[in-house]
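Source file: structure_20.pdb. Holds: PDB, C-alpha atoms.
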```
ATOM      1  CA  MET A   1      22.075  21.798 -79.730
ATOM      2  CA  ASP A   2      20.000  19.965 -77.126
ATOM      3  CA  VAL A   3      19.237  16.257 -77.086
ATOM      4  CA  ASN A   4      16.644  14.946 -74.649
ATOM      5  CA  SER A   5      14.176  12.175 -74.073
ATOM      6  CA  SER A   6      10.698  13.301 -73.085
ATOM      7  CA  GLY A   7       8.756  11.740 -70.249
ATOM      8  CA  ARG A   8       5.473   9.881 -70.129
ATOM      9  CA  THR A   9       3.567   9.573 -73.369
ATOM     10  CA  GLU A  10      -0.136   9.598 -74.108
ATOM     11  CA  THR A  11      -1.588   7.133 -76.597
ATOM     12  CA  PRO A  12      -5.208   7.905 -77.497
ATOM     13  CA  SER A  13      -6.985   4.678 -78.382
ATOM     14  CA  ARG A  14      -8.198   6.182 -81.643
ATOM     15  CA  TRP A  15      -4.629   6.653 -82.859
ATOM     16  CA  ARG A  16      -3.539   3.209 -81.720
ATOM     17  CA  ARG A  17      -6.214   1.907 -84.080
ATOM     18  CA  VAL A  18      -5.327   4.301 -86.898
ATOM     19  CA  LEU A  19      -1.599   3.595 -86.696
ATOM     20  CA  GLN A  20      -1.522   0.537 -88.928
ATOM     21  CA  TRP A  21      -3.726   2.258 -91.512
ATOM     22  CA  PHE A  22      -1.274   5.142 -91.642
ATOM     23  CA  VAL A  23       1.495   2.599 -92.169
ATOM     24  CA  ARG A  24      -0.445   1.078 -95.081
ATOM     25  CA  GLY A  25       0.082   4.271 -97.022
ATOM     26  CA  LEU A  26       3.698   4.648 -95.985
ATOM     27  CA  VAL A  27       4.925   1.132 -96.733
ATOM     28  CA  GLY A  28       3.976   1.463-100.370
ATOM     29  CA  ALA A  29       6.063   4.612-100.633
ATOM     30  CA  LEU A  30       9.060   2.932 -99.007
ATOM     31  CA  ALA A  31       8.745  -0.055-101.307
ATOM     32  CA  VAL A  32       8.557   2.099-104.409
ATOM     33  CA  ILE A  33      11.636   4.043-103.328
ATOM     34  CA  GLY A  34      13.515   0.777-102.988
ATOM     35  CA  LEU A  35      12.403  -0.438-106.407
ATOM     36  CA  LEU A  36      13.124   2.832-108.202
ATOM     37  CA  SER A  37      16.819   2.202-107.775
ATOM     38  CA  LEU A  38      16.391  -0.870-110.002
ATOM     39  CA  VAL A  39      14.417   0.639-112.875
ATOM     40  CA  LEU A  40      14.334   3.870-114.836
ATOM     41  CA  SER A  41      11.129   5.494-116.004
ATOM     42  CA  ARG A  42      10.020   8.772-117.455
ATOM     43  CA  PRO A  43       8.747  11.226-114.839
ATOM     44  CA  THR A  44       5.008  11.723-114.740
ATOM     45  CA  VAL A  45       2.411  13.284-112.448
ATOM     46  CA  GLY A  46       0.477  11.844-109.538
ATOM     47  CA  GLN A  47      -3.106  10.940-110.322
ATOM     48  CA  PHE A  48      -6.029   8.765-109.351
ATOM     49  CA  ARG A  49      -6.074   5.435-111.142
ATOM     50  CA  THR A  50      -9.798   5.508-111.949
ATOM     51  CA  PRO A  51     -12.692   7.994-111.751
ATOM     52  CA  GLU A  52     -14.419   5.639-109.308
ATOM     53  CA  GLY A  53     -11.346   5.604-107.084
ATOM     54  CA  LYS A  54     -11.210   9.394-107.148
ATOM     55  CA  ARG A  55     -14.847   9.622-106.036
ATOM     56  CA  SER A  56     -14.278   7.063-103.288
ATOM     57  CA  TYR A  57     -11.285   9.006-102.017
ATOM     58  CA  ALA A  58     -13.117  12.354-102.174
ATOM     59  CA  THR A  59     -15.904  10.948-100.011
ATOM     60  CA  ALA A  60     -13.443   9.576 -97.446
ATOM     61  CA  TYR A  61     -11.429  12.818 -97.477
ATOM     62  CA  ALA A  62     -14.527  14.941 -96.820
ATOM     63  CA  ALA A  63     -15.496  12.751 -93.869
ATOM     64  CA  ALA A  64     -11.985  12.962 -92.407
ATOM     65  CA  LEU A  65     -11.788  16.724 -92.904
ATOM     66  CA  ALA A  66     -15.102  17.076 -91.072
ATOM     67  CA  THR A  67     -13.406  15.797 -87.896
ATOM     68  CA  MET A  68     -11.286  18.974 -87.849
ATOM     69  CA  PRO A  69     -12.258  22.528 -86.896
ATOM     70  CA  THR A  70     -13.838  24.354 -89.831
ATOM     71  CA  PRO A  71     -11.124  26.296 -91.698
ATOM     72  CA  THR A  72     -11.388  30.050 -92.026
ATOM     73  CA  GLN A  73     -10.379  29.863 -95.658
ATOM     74  CA  THR A  74     -10.023  27.211 -98.371
ATOM     75  CA  VAL A  75      -7.665  28.187-101.188
ATOM     76  CA  ASP A  76      -6.430  26.543-104.382
ATOM     77  CA  VAL A  77      -3.030  28.131-105.002
ATOM     78  CA  PRO A  78      -1.602  27.975-108.558
ATOM     79  CA  THR A  79       2.080  26.999-108.689
ATOM     80  CA  ASP A  80       4.619  25.969-111.320
ATOM     81  CA  TYR A  81       3.837  22.281-110.683
ATOM     82  CA  GLY A  82       0.078  22.392-110.272
ATOM     83  CA  THR A  83      -2.686  23.674-108.032
ATOM     84  CA  VAL A  84      -2.181  23.246-104.284
ATOM     85  CA  ARG A  85      -5.166  22.807-101.978
ATOM     86  CA  ALA A  86      -4.559  24.816 -98.818
ATOM     87  CA  TYR A  87      -6.640  25.449 -95.715
ATOM     88  CA  VAL A  88      -6.144  28.392 -93.389
ATOM     89  CA  TRP A  89      -7.231  28.598 -89.755
ATOM     90  CA  ARG A  90      -6.808  32.245 -88.789
ATOM     91  CA  GLN A  91      -6.322  33.220 -85.169
ATOM     92  CA  PRO A  92      -7.218  36.929 -84.806
ATOM     93  CA  ARG A  93      -5.706  37.096 -81.321
ATOM     94  CA  ALA A  94      -2.331  36.058 -82.749
ATOM     95  CA  ALA A  95      -2.037  38.516 -85.619
ATOM     96  CA  ASP A  96       1.475  39.415 -84.479
ATOM     97  CA  ARG A  97       2.627  35.787 -84.368
ATOM     98  CA  THR A  98       4.285  33.922 -87.215
ATOM     99  CA  PRO A  99       1.877  31.394 -88.778
ATOM    100  CA  VAL A 100       2.601  27.660 -88.920
ATOM    101  CA  LEU A 101       2.755  25.703 -92.199
ATOM    102  CA  LEU A 102       1.877  21.990 -91.913
ATOM    103  CA  LEU A 103       3.336  19.493 -94.418
ATOM    104  CA  PRO A 104       1.763  16.006 -94.219
ATOM    105  CA  GLY A 105       3.234  12.527 -94.526
ATOM    106  CA  ARG A 106       2.656  10.259 -97.502
ATOM    107  CA  THR A 107      -0.911   9.371 -98.506
ATOM    108  CA  SER A 108      -2.337  11.255 -95.543
ATOM    109  CA  GLY A 109      -3.215  14.807 -96.624
ATOM    110  CA  VAL A 110      -4.340  17.633 -94.368
ATOM    111  CA  PRO A 111      -6.710  15.520 -92.193
ATOM    112  CA  MET A 112      -3.735  13.646 -90.705
ATOM    113  CA  TRP A 113      -3.312  16.724 -88.468
ATOM    114  CA  SER A 114      -6.770  16.409 -86.881
ATOM    115  CA  GLU A 115      -5.309  15.449 -83.508
ATOM    116  CA  ASN A 116      -2.721  18.255 -83.495
ATOM    117  CA  LEU A 117      -4.486  21.157 -85.160
ATOM    118  CA  PRO A 118      -6.850  22.366 -82.403
ATOM    119  CA  ALA A 119      -4.069  23.127 -79.919
ATOM    120  CA  ILE A 120      -1.838  24.782 -82.519
ATOM    121  CA  ALA A 121      -4.632  26.823 -84.111
ATOM    122  CA  ALA A 122      -5.763  28.070 -80.697
ATOM    123  CA  LYS A 123      -2.608  30.170 -80.421
ATOM    124  CA  ARG A 124      -1.584  31.076 -83.958
ATOM    125  CA  THR A 125      -2.691  31.034 -87.580
ATOM    126  CA  VAL A 126      -2.208  27.654 -89.271
ATOM    127  CA  ILE A 127      -1.825  26.870 -92.978
ATOM    128  CA  ALA A 128      -2.097  23.212 -94.027
ATOM    129  CA  VAL A 129      -1.625  21.823 -97.528
ATOM    130  CA  ASP A 130      -2.147  18.609 -99.457
ATOM    131  CA  ALA A 131       1.176  17.725-101.067
ATOM    132  CA  LEU A 132       1.415  17.928-104.842
ATOM    133  CA  GLY A 133       1.938  14.516-106.409
ATOM    134  CA  ASP A 134       0.330  12.659-103.510
ATOM    135  CA  ALA A 135      -3.170  11.745-102.387
ATOM    136  CA  GLY A 136      -5.253  14.783-101.537
ATOM    137  CA  LEU A 137      -7.083  17.551-103.352
ATOM    138  CA  SER A 138      -4.011  19.204-104.865
ATOM    139  CA  ILE A 139      -3.683  18.639-108.623
ATOM    140  CA  GLN A 140      -0.218  18.061-110.092
ATOM    141  CA  THR A 141       0.226  19.094-113.741
ATOM    142  CA  VAL A 142       4.022  19.109-114.167
ATOM    143  CA  PRO A 143       6.386  16.259-113.140
ATOM    144  CA  MET A 144       8.850  16.787-110.302
ATOM    145  CA  THR A 145      12.225  15.141-110.843
ATOM    146  CA  ALA A 146      14.143  16.248-107.739
ATOM    147  CA  PRO A 147      13.335  17.067-104.094
ATOM    148  CA  GLU A 148      14.261  20.669-104.837
ATOM    149  CA  ASP A 149      11.206  20.903-107.119
ATOM    150  CA  GLN A 150       8.966  20.459-104.091
ATOM    151  CA  ALA A 151      10.533  23.509-102.482
ATOM    152  CA  VAL A 152       9.389  25.576-105.470
ATOM    153  CA  TRP A 153       5.672  24.991-105.034
ATOM    154  CA  ILE A 154       5.896  25.312-101.254
ATOM    155  CA  ASP A 155       7.595  28.680-101.583
ATOM    156  CA  GLN A 156       4.912  29.844-103.991
ATOM    157  CA  VAL A 157       2.218  28.858-101.482
ATOM    158  CA  VAL A 158       4.056  30.715 -98.717
ATOM    159  CA  ALA A 159       4.406  33.796-100.925
ATOM    160  CA  GLU A 160       0.640  33.746-101.519
ATOM    161  CA  LEU A 161      -0.606  32.997 -97.999
ATOM    162  CA  ALA A 162       2.164  34.057 -95.594
ATOM    163  CA  PRO A 163       4.605  36.427 -97.331
ATOM    164  CA  GLY A 164       6.112  37.390 -93.990
ATOM    165  CA  GLY A 165       7.397  33.856 -93.420
ATOM    166  CA  VAL A 166       6.305  30.731 -91.532
ATOM    167  CA  HIS A 167       7.240  28.184 -88.925
ATOM    168  CA  VAL A 168       7.396  24.925 -90.923
ATOM    169  CA  LEU A 169       6.195  21.665 -89.359
ATOM    170  CA  GLY A 170       6.483  18.381 -91.276
ATOM    171  CA  HIS A 171       5.885  14.716 -90.488
ATOM    172  CA  SER A 172       7.449  11.678 -92.177
ATOM    173  CA  PHE A 173       7.973  12.470 -95.881
ATOM    174  CA  GLY A 174       6.595  15.916 -95.086
ATOM    175  CA  GLY A 175       9.521  16.330 -92.719
ATOM    176  CA  ALA A 176      11.974  15.533 -95.491
ATOM    177  CA  THR A 177      10.230  18.064 -97.735
ATOM    178  CA  ALA A 178      10.239  20.649 -94.950
ATOM    179  CA  ALA A 179      13.991  20.245 -94.467
ATOM    180  CA  THR A 180      14.599  20.709 -98.193
ATOM    181  CA  TYR A 181      12.439  23.829 -98.255
ATOM    182  CA  ALA A 182      14.164  25.345 -95.224
ATOM    183  CA  ARG A 183      17.567  24.614 -96.710
ATOM    184  CA  LEU A 184      16.742  26.326-100.013
ATOM    185  CA  HIS A 185      14.554  29.183 -98.744
ATOM    186  CA  PRO A 186      15.751  30.037 -95.226
ATOM    187  CA  GLU A 187      14.683  33.649 -95.706
ATOM    188  CA  HIS A 188      11.029  32.558 -95.510
ATOM    189  CA  VAL A 189      11.393  30.052 -92.655
ATOM    190  CA  ARG A 190      11.411  31.314 -89.064
ATOM    191  CA  SER A 191      11.913  27.826 -87.631
ATOM    192  CA  LEU A 192      11.773  24.179 -88.672
ATOM    193  CA  ALA A 193      10.103  21.302 -86.799
ATOM    194  CA  LEU A 194      10.623  17.746 -88.082
ATOM    195  CA  LEU A 195       8.569  14.867 -86.684
ATOM    196  CA  GLU A 196       9.969  11.430 -87.563
ATOM    197  CA  PRO A 197      11.398  12.810 -90.833
ATOM    198  CA  VAL A 198      12.252   9.953 -93.211
ATOM    199  CA  PHE A 199      15.375  10.067 -95.399
ATOM    200  CA  THR A 200      16.557  13.253 -93.673
ATOM    201  CA  PHE A 201      19.092  12.341 -90.988
ATOM    202  CA  GLY A 202      19.318   8.674 -91.907
ATOM    203  CA  TYR A 203      17.489   5.669 -93.310
ATOM    204  CA  PRO A 204      14.998   3.222 -91.814
ATOM    205  CA  SER A 205      16.661   0.094 -90.497
ATOM    206  CA  ALA A 206      17.069  -2.859 -92.839
ATOM    207  CA  ARG A 207      14.516  -4.709 -90.724
ATOM    208  CA  MET A 208      11.920  -1.960 -91.130
ATOM    209  CA  MET A 209      12.585  -1.643 -94.856
ATOM    210  CA  GLY A 210      12.197  -5.404 -95.207
ATOM    211  CA  TRP A 211       8.846  -5.442 -93.445
ATOM    212  CA  ALA A 212       7.782  -2.390 -95.480
ATOM    213  CA  MET A 213       8.503  -4.240 -98.712
ATOM    214  CA  LEU A 214       6.587  -7.321 -97.546
ATOM    215  CA  GLY A 215       3.641  -5.242 -96.397
ATOM    216  CA  SER A 216       3.246  -3.621 -99.807
ATOM    217  CA  LEU A 217       3.395  -6.692-102.077
ATOM    218  CA  PRO A 218      -0.184  -7.608-103.064
ATOM    219  CA  PHE A 219       0.642 -11.136-104.256
ATOM    220  CA  LEU A 220       1.782 -12.257-100.790
ATOM    221  CA  PRO A 221      -0.680 -13.968 -98.421
ATOM    222  CA  ALA A 222      -2.805 -11.497 -96.481
ATOM    223  CA  SER A 223      -1.606 -12.994 -93.196
ATOM    224  CA  LEU A 224       2.018 -12.186 -94.042
ATOM    225  CA  ARG A 225       1.193  -8.645 -95.144
ATOM    226  CA  GLU A 226      -0.770  -8.050 -91.932
ATOM    227  CA  ARG A 227       2.191  -9.401 -89.948
ATOM    228  CA  ALA A 228       4.422  -6.883 -91.723
ATOM    229  CA  LEU A 229       2.089  -4.008 -90.853
ATOM    230  CA  THR A 230       2.028  -5.143 -87.234
ATOM    231  CA  GLU A 231       5.834  -5.298 -87.098
ATOM    232  CA  ILE A 232       6.055  -1.740 -88.439
ATOM    233  CA  GLY A 233       3.146  -0.163 -86.627
ATOM    234  CA  GLY A 234       2.671  -2.266 -83.538
ATOM    235  CA  GLY A 235      -0.374  -1.785 -81.333
ATOM    236  CA  GLU A 236      -3.851  -3.168 -81.721
ATOM    237  CA  SER A 237      -5.818  -3.857 -84.866
ATOM    238  CA  ALA A 238      -6.893  -0.877 -86.912
ATOM    239  CA  ASP A 239     -10.479   0.377 -86.979
ATOM    240  CA  PRO A 240     -11.549   0.537 -90.648
ATOM    241  CA  ALA A 241     -14.513   2.754 -89.704
ATOM    242  CA  ASP A 242     -12.304   5.603 -88.464
ATOM    243  CA  PRO A 243     -12.609   8.539 -90.920
ATOM    244  CA  VAL A 244      -8.875   9.227 -91.104
ATOM    245  CA  ALA A 245      -8.117   5.516 -91.493
ATOM    246  CA  ARG A 246     -10.644   5.276 -94.321
ATOM    247  CA  MET A 247      -9.093   8.280 -96.065
ATOM    248  CA  ILE A 248      -5.555   6.940 -95.787
ATOM    249  CA  THR A 249      -6.424   3.511 -97.096
ATOM    250  CA  ALA A 250      -8.483   5.047 -99.928
ATOM    251  CA  GLY A 251      -5.472   7.124-100.925
ATOM    252  CA  ALA A 252      -3.185   4.103-100.852
ATOM    253  CA  ASP A 253      -5.663   2.042-102.874
ATOM    254  CA  HIS A 254      -6.659   4.582-105.517
ATOM    255  CA  TYR A 255      -3.885   7.160-105.963
ATOM    256  CA  SER A 256      -0.687   6.650-107.942
ATOM    257  CA  ALA A 257       1.808   9.023-106.337
ATOM    258  CA  GLU A 258       4.694  10.512-108.304
ATOM    259  CA  LEU A 259       7.170  12.175-105.982
ATOM    260  CA  PRO A 260      10.956  12.534-106.045
ATOM    261  CA  THR A 261      12.908  10.427-103.578
ATOM    262  CA  PRO A 262      14.166  12.466-100.596
ATOM    263  CA  LYS A 263      17.905  12.648-100.046
ATOM    264  CA  VAL A 264      19.568  12.378 -96.653
ATOM    265  CA  LEU A 265      21.174  15.678 -95.678
ATOM    266  CA  THR A 266      24.924  15.833 -96.194
ATOM    267  CA  ASP A 267      27.242  16.980 -93.407
ATOM    268  CA  ASP A 268      27.710  20.274 -95.217
ATOM    269  CA  GLN A 269      23.960  20.794 -95.557
ATOM    270  CA  LEU A 270      23.503  20.050 -91.863
ATOM    271  CA  ALA A 271      26.168  22.580 -90.943
ATOM    272  CA  HIS A 272      24.473  25.282 -93.019
ATOM    273  CA  LEU A 273      20.969  24.632 -91.674
ATOM    274  CA  THR A 274      21.381  27.271 -88.988
ATOM    275  CA  LEU A 275      17.789  28.277 -88.254
ATOM    276  CA  PRO A 276      16.108  27.002 -85.054
ATOM    277  CA  THR A 277      15.236  23.350 -85.666
ATOM    278  CA  TYR A 278      13.236  20.925 -83.534
ATOM    279  CA  VAL A 279      13.555  17.194 -84.272
ATOM    280  CA  ALA A 280      11.303  14.520 -82.736
ATOM    281  CA  ILE A 281      12.337  10.868 -83.123
ATOM    282  CA  ALA A 282      10.427   7.769 -81.984
ATOM    283  CA  ASP A 283      12.221   5.286 -79.775
ATOM    284  CA  HIS A 284      10.370   2.226 -81.108
ATOM    285  CA  ASP A 285      10.462   1.087 -84.736
ATOM    286  CA  SER A 286      11.356   4.548 -85.997
ATOM    287  CA  LEU A 287      11.220   5.039 -89.752
ATOM    288  CA  ALA A 288      13.358   8.158 -89.425
ATOM    289  CA  GLY A 289      16.395   6.144 -88.381
ATOM    290  CA  GLY A 290      15.964   6.009 -84.603
ATOM    291  CA  GLU A 291      18.880   6.748 -82.304
ATOM    292  CA  LYS A 292      21.315   6.977 -85.214
ATOM    293  CA  ALA A 293      19.172   9.684 -86.802
ATOM    294  CA  ALA A 294      18.974  11.520 -83.481
ATOM    295  CA  GLU A 295      22.747  11.392 -83.151
ATOM    296  CA  ARG A 296      23.135  12.758 -86.664
ATOM    297  CA  ALA A 297      20.626  15.524 -85.982
ATOM    298  CA  ALA A 298      22.893  16.539 -83.126
ATOM    299  CA  GLY A 299      25.076  18.099 -85.816
ATOM    300  CA  LEU A 300      22.524  20.866 -86.347
ATOM    301  CA  PRO A 301      24.022  24.208 -85.255
ATOM    302  CA  ASN A 302      20.774  25.406 -83.649
ATOM    303  CA  GLY A 303      18.850  22.216 -83.028
ATOM    304  CA  THR A 304      16.772  20.629 -80.285
ATOM    305  CA  VAL A 305      16.412  16.862 -80.619
ATOM    306  CA  ARG A 306      13.894  14.814 -78.632
ATOM    307  CA  VAL A 307      13.677  11.033 -78.549
ATOM    308  CA  TRP A 308      10.144  10.301 -77.365
ATOM    309  CA  PRO A 309       9.756   7.058 -75.376
ATOM    310  CA  ASN A 310       7.013   4.559 -76.168
ATOM    311  CA  THR A 311       6.315   6.067 -79.581
ATOM    312  CA  THR A 312       6.454   4.855 -83.177
ATOM    313  CA  HIS A 313       6.398   6.601 -86.544
ATOM    314  CA  SER A 314       2.939   7.960 -85.645
ATOM    315  CA  LEU A 315       4.538  10.043 -82.899
ATOM    316  CA  PRO A 316       2.571  13.275 -83.580
ATOM    317  CA  MET A 317      -0.719  11.446 -83.022
ATOM    318  CA  GLN A 318       0.501   9.424 -80.047
ATOM    319  CA  VAL A 319       1.766  12.387 -77.990
ATOM    320  CA  SER A 320      -0.291  15.187 -79.487
ATOM    321  CA  LYS A 321      -0.938  17.185 -76.304
ATOM    322  CA  GLN A 322       2.612  17.065 -75.003
ATOM    323  CA  LEU A 323       4.031  17.736 -78.447
ATOM    324  CA  SER A 324       1.772  20.738 -79.065
ATOM    325  CA  ALA A 325       2.831  22.288 -75.763
ATOM    326  CA  GLU A 326       6.498  21.717 -76.532
ATOM    327  CA  LEU A 327       6.194  23.144 -80.032
ATOM    328  CA  ASP A 328       4.418  26.220 -78.680
ATOM    329  CA  GLN A 329       7.396  26.872 -76.411
ATOM    330  CA  PHE A 330       9.793  26.249 -79.288
ATOM    331  CA  TRP A 331       8.001  28.718 -81.539
ATOM    332  CA  GLY A 332       7.751  31.402 -78.875
ATOM    333  CA  ARG A 333       6.260  34.444 -80.554
TER     334      ARG A 333
END
```
How does the structure come out when it is put into structure tokens?
Amino acid sequence: MDVNSSGRTETPSRWRRVLQWFVRGLVGALAVIGLLSLVLSRPTVGQFRTPEGKRSYATAYAAALATMPTPTQTVDVPTDYGTVRAYVWRQPRAADRTPVLLLPGRTSGVPMWSENLPAIAAKRTVIAVDALGDAGLSIQTVPMTAPEDQAVWIDQVVAELAPGGVHVLGHSFGGATAATYARLHPEHVRSLALLEPVFTFGYPSARMMGWAMLGSLPFLPASLRERALTEIGGGESADPADPVARMITAGADHYSAELPTPKVLTDDQLAHLTLPTYVAIADHDSLAGGEKAAERAAGLPNGTVRVWPNTTHSLPMQVSKQLSAELDQFWGR
């Protein structure tokens, strides 16, 4: 495998502002994962807490989706665990190229890819989905009790929209899900790209988990919660008028997610994940595990690991142009 640090990074001002709003959705997920080890509950399905919250989210989602190129096709794919909202951007000039499947991070949905999609879709067909059990337009009807359950619905979407197989690209929790899917269904995965994948090669540092917990506790003073978000996300204050920021915060405020906790890959699972794998890790306040995660990813038999300087957990937004070019080379044809 290959381990490298990339050069200069780009940080569009829009994504510096959005960063903390993305973290708002993520910290709640990290906090819940920490608390689940203390309590037991019956599995249920993700859902909006109120009809008003659902309408508020739908409005924000539509505005965020409008910032992206218009999809060629919008599909609701039935699966064993519910109906998955998928969007397809077809590239007629790349009919002979393997399509790319995008799996989003927590509380972010398809519009989180607005900065990355244009460059990827210019060269190949792209399929993007809202994760079942999380904020988005997918509708979960059956509880998922293990990470392996997520691989089931993903494989059913792939069978419907790209039966010849896909390159899988996942960010954050979507990276963890992507790794699980590739491990269980390698026959349908041509390559795997993981961007700051949480709970995959390691855990967030105790410091980051601590700030995540503080940032998600509503009874704490607002000043302390904002400090926690700053410690995790860094950068300047968020712009609440940004469409993607509004969507993410609406999802965090109004949707009760029900997803299984990802499990860090074992040494044996790493050794058997033999397909081409690209791993991107942030060098600053990584939630994927930072340098330790990069070192662990070095155990991949056919892996390329990049530690990107001057990036955080929002790495795909912060270095979108450079990353898209590097992924295009990784995917080849």
Contacts of region 70-75 of chain A at 9 Å or less, counting all atoms listed in the file, minus same-chain residues fewer than 2 places along, as a PDB file with C-alpha atoms, in the coordinates of the input?
```pdb
ATOM      1  CA  LEU A  65     -11.788  16.724 -92.904  1.00  0.00           C
ATOM      2  CA  ALA A  66     -15.102  17.076 -91.072  1.00  0.00           C
ATOM      3  CA  THR A  67     -13.406  15.797 -87.896  1.00  0.00           C
ATOM      4  CA  MET A  68     -11.286  18.974 -87.849  1.00  0.00           C
ATOM      5  CA  VAL A  77      -3.030  28.131-105.002  1.00  0.00           C
ATOM      6  CA  VAL A  84      -2.181  23.246-104.284  1.00  0.00           C
ATOM      7  CA  ARG A  85      -5.166  22.807-101.978  1.00  0.00           C
ATOM      8  CA  ALA A  86      -4.559  24.816 -98.818  1.00  0.00           C
ATOM      9  CA  TYR A  87      -6.640  25.449 -95.715  1.00  0.00           C
ATOM     10  CA  VAL A  88      -6.144  28.392 -93.389  1.00  0.00           C
ATOM     11  CA  TRP A  89      -7.231  28.598 -89.755  1.00  0.00           C
ATOM     12  CA  ARG A  90      -6.808  32.245 -88.789  1.00  0.00           C
TER      13      ARG A  90
END
```
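Atom pair CA of Leu169 (chain A) / CA of Glu196 (chain A): separated by 11.1 Å.
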* To do: Identify the residues around (14.2, 20.6, -82.3) within a radius of 6 Å, measuring from only C-alpha atoms in the coordinates stated by the file, and give them as a PyMOL selection string.
  => chain A and resi 277-279+303-305
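Near region 294-299 of chain A, within a cut-off of 8 Å and counting all atoms listed in the file, sit the residues Met1, Asp2, Val3, Phe201, Gly202, Asp267, Leu270, Ala271, Val279, Ile281, Gly289, Gly290, Gly303, Thr304, Val305, Arg306 and Val307 of chain A, with same-chain residues fewer than 4 positions away left out.
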* To do: Please check which residues have atoms at most 12 Å from (-4.2, 22.0, -77.9) in the file's coordinates, counting only C-alpha atoms, and write them as a VMD selection string.
  => chain A and resid 113 to 124 319 to 328
* Given the file shown, enumerate the residues that the PyMOL selection byres ((chain A and resi 171-187) around 7) captures and present them as number ranges by chain. => A: 103-106, 148, 150-151, 168-170, 188-189, 194-200, 262, 273
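CA of Asp149 (chain A) to CA of Leu287 (chain A) spans 23.5 Å [interatomic distance, one decimal].
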* Asked: For the atom pair CA of Thr59 (chain A) and CA of Gly82 (chain A), what is the interatomic distance in Å to one decimal place?
  -> 22.2 Å
* With a distance cut-off of 6 Å and only C-alpha atoms, select the neighbouring residues of Asp130 (chain A), excluding the residue or stretch itself and same-chain residues fewer than 3 positions from it, and output the selection as a ChimeraX atom specification. => /A:85,109-110,136,138
Could you rebuild region 146-158 of chain A with N, CA and C atoms and give it back as a short mmCIF file (atom, residue, chain, number, x, y, z; two decimals), in the frame of the given file?
```
data_model
loop_
_atom_site.label_atom_id
_atom_site.label_comp_id
_atom_site.auth_asym_id
_atom_site.auth_seq_id
_atom_site.Cartn_x
_atom_site.Cartn_y
_atom_site.Cartn_z
N ALA A 146 13.17 16.13 -108.82
CA ALA A 146 14.14 16.25 -107.74
C ALA A 146 13.45 16.82 -106.52
N PRO A 147 13.94 16.50 -105.30
CA PRO A 147 13.34 17.07 -104.09
C PRO A 147 13.28 18.59 -104.11
N GLU A 148 14.24 19.21 -104.77
CA GLU A 148 14.26 20.67 -104.84
C GLU A 148 13.03 21.23 -105.55
N ASP A 149 12.42 20.45 -106.44
CA ASP A 149 11.21 20.90 -107.12
C ASP A 149 10.06 21.12 -106.13
N GLN A 150 10.02 20.30 -105.09
CA GLN A 150 8.97 20.46 -104.09
C GLN A 150 9.10 21.78 -103.34
N ALA A 151 10.33 22.23 -103.16
CA ALA A 151 10.53 23.51 -102.48
C ALA A 151 9.97 24.67 -103.29
N VAL A 152 9.90 24.51 -104.61
CA VAL A 152 9.39 25.58 -105.47
C VAL A 152 7.92 25.83 -105.19
N TRP A 153 7.11 24.77 -105.23
CA TRP A 153 5.67 24.99 -105.03
C TRP A 153 5.36 25.40 -103.61
N ILE A 154 6.12 24.88 -102.64
CA ILE A 154 5.90 25.31 -101.25
C ILE A 154 6.17 26.80 -101.10
N ASP A 155 7.26 27.26 -101.70
CA ASP A 155 7.60 28.68 -101.58
C ASP A 155 6.54 29.56 -102.25
N GLN A 156 5.96 29.07 -103.32
CA GLN A 156 4.91 29.84 -103.99
C GLN A 156 3.64 29.90 -103.15
N VAL A 157 3.35 28.84 -102.41
CA VAL A 157 2.22 28.86 -101.48
C VAL A 157 2.48 29.83 -100.34
N VAL A 158 3.69 29.80 -99.80
CA VAL A 158 4.06 30.72 -98.72
C VAL A 158 3.97 32.16 -99.19
#
```
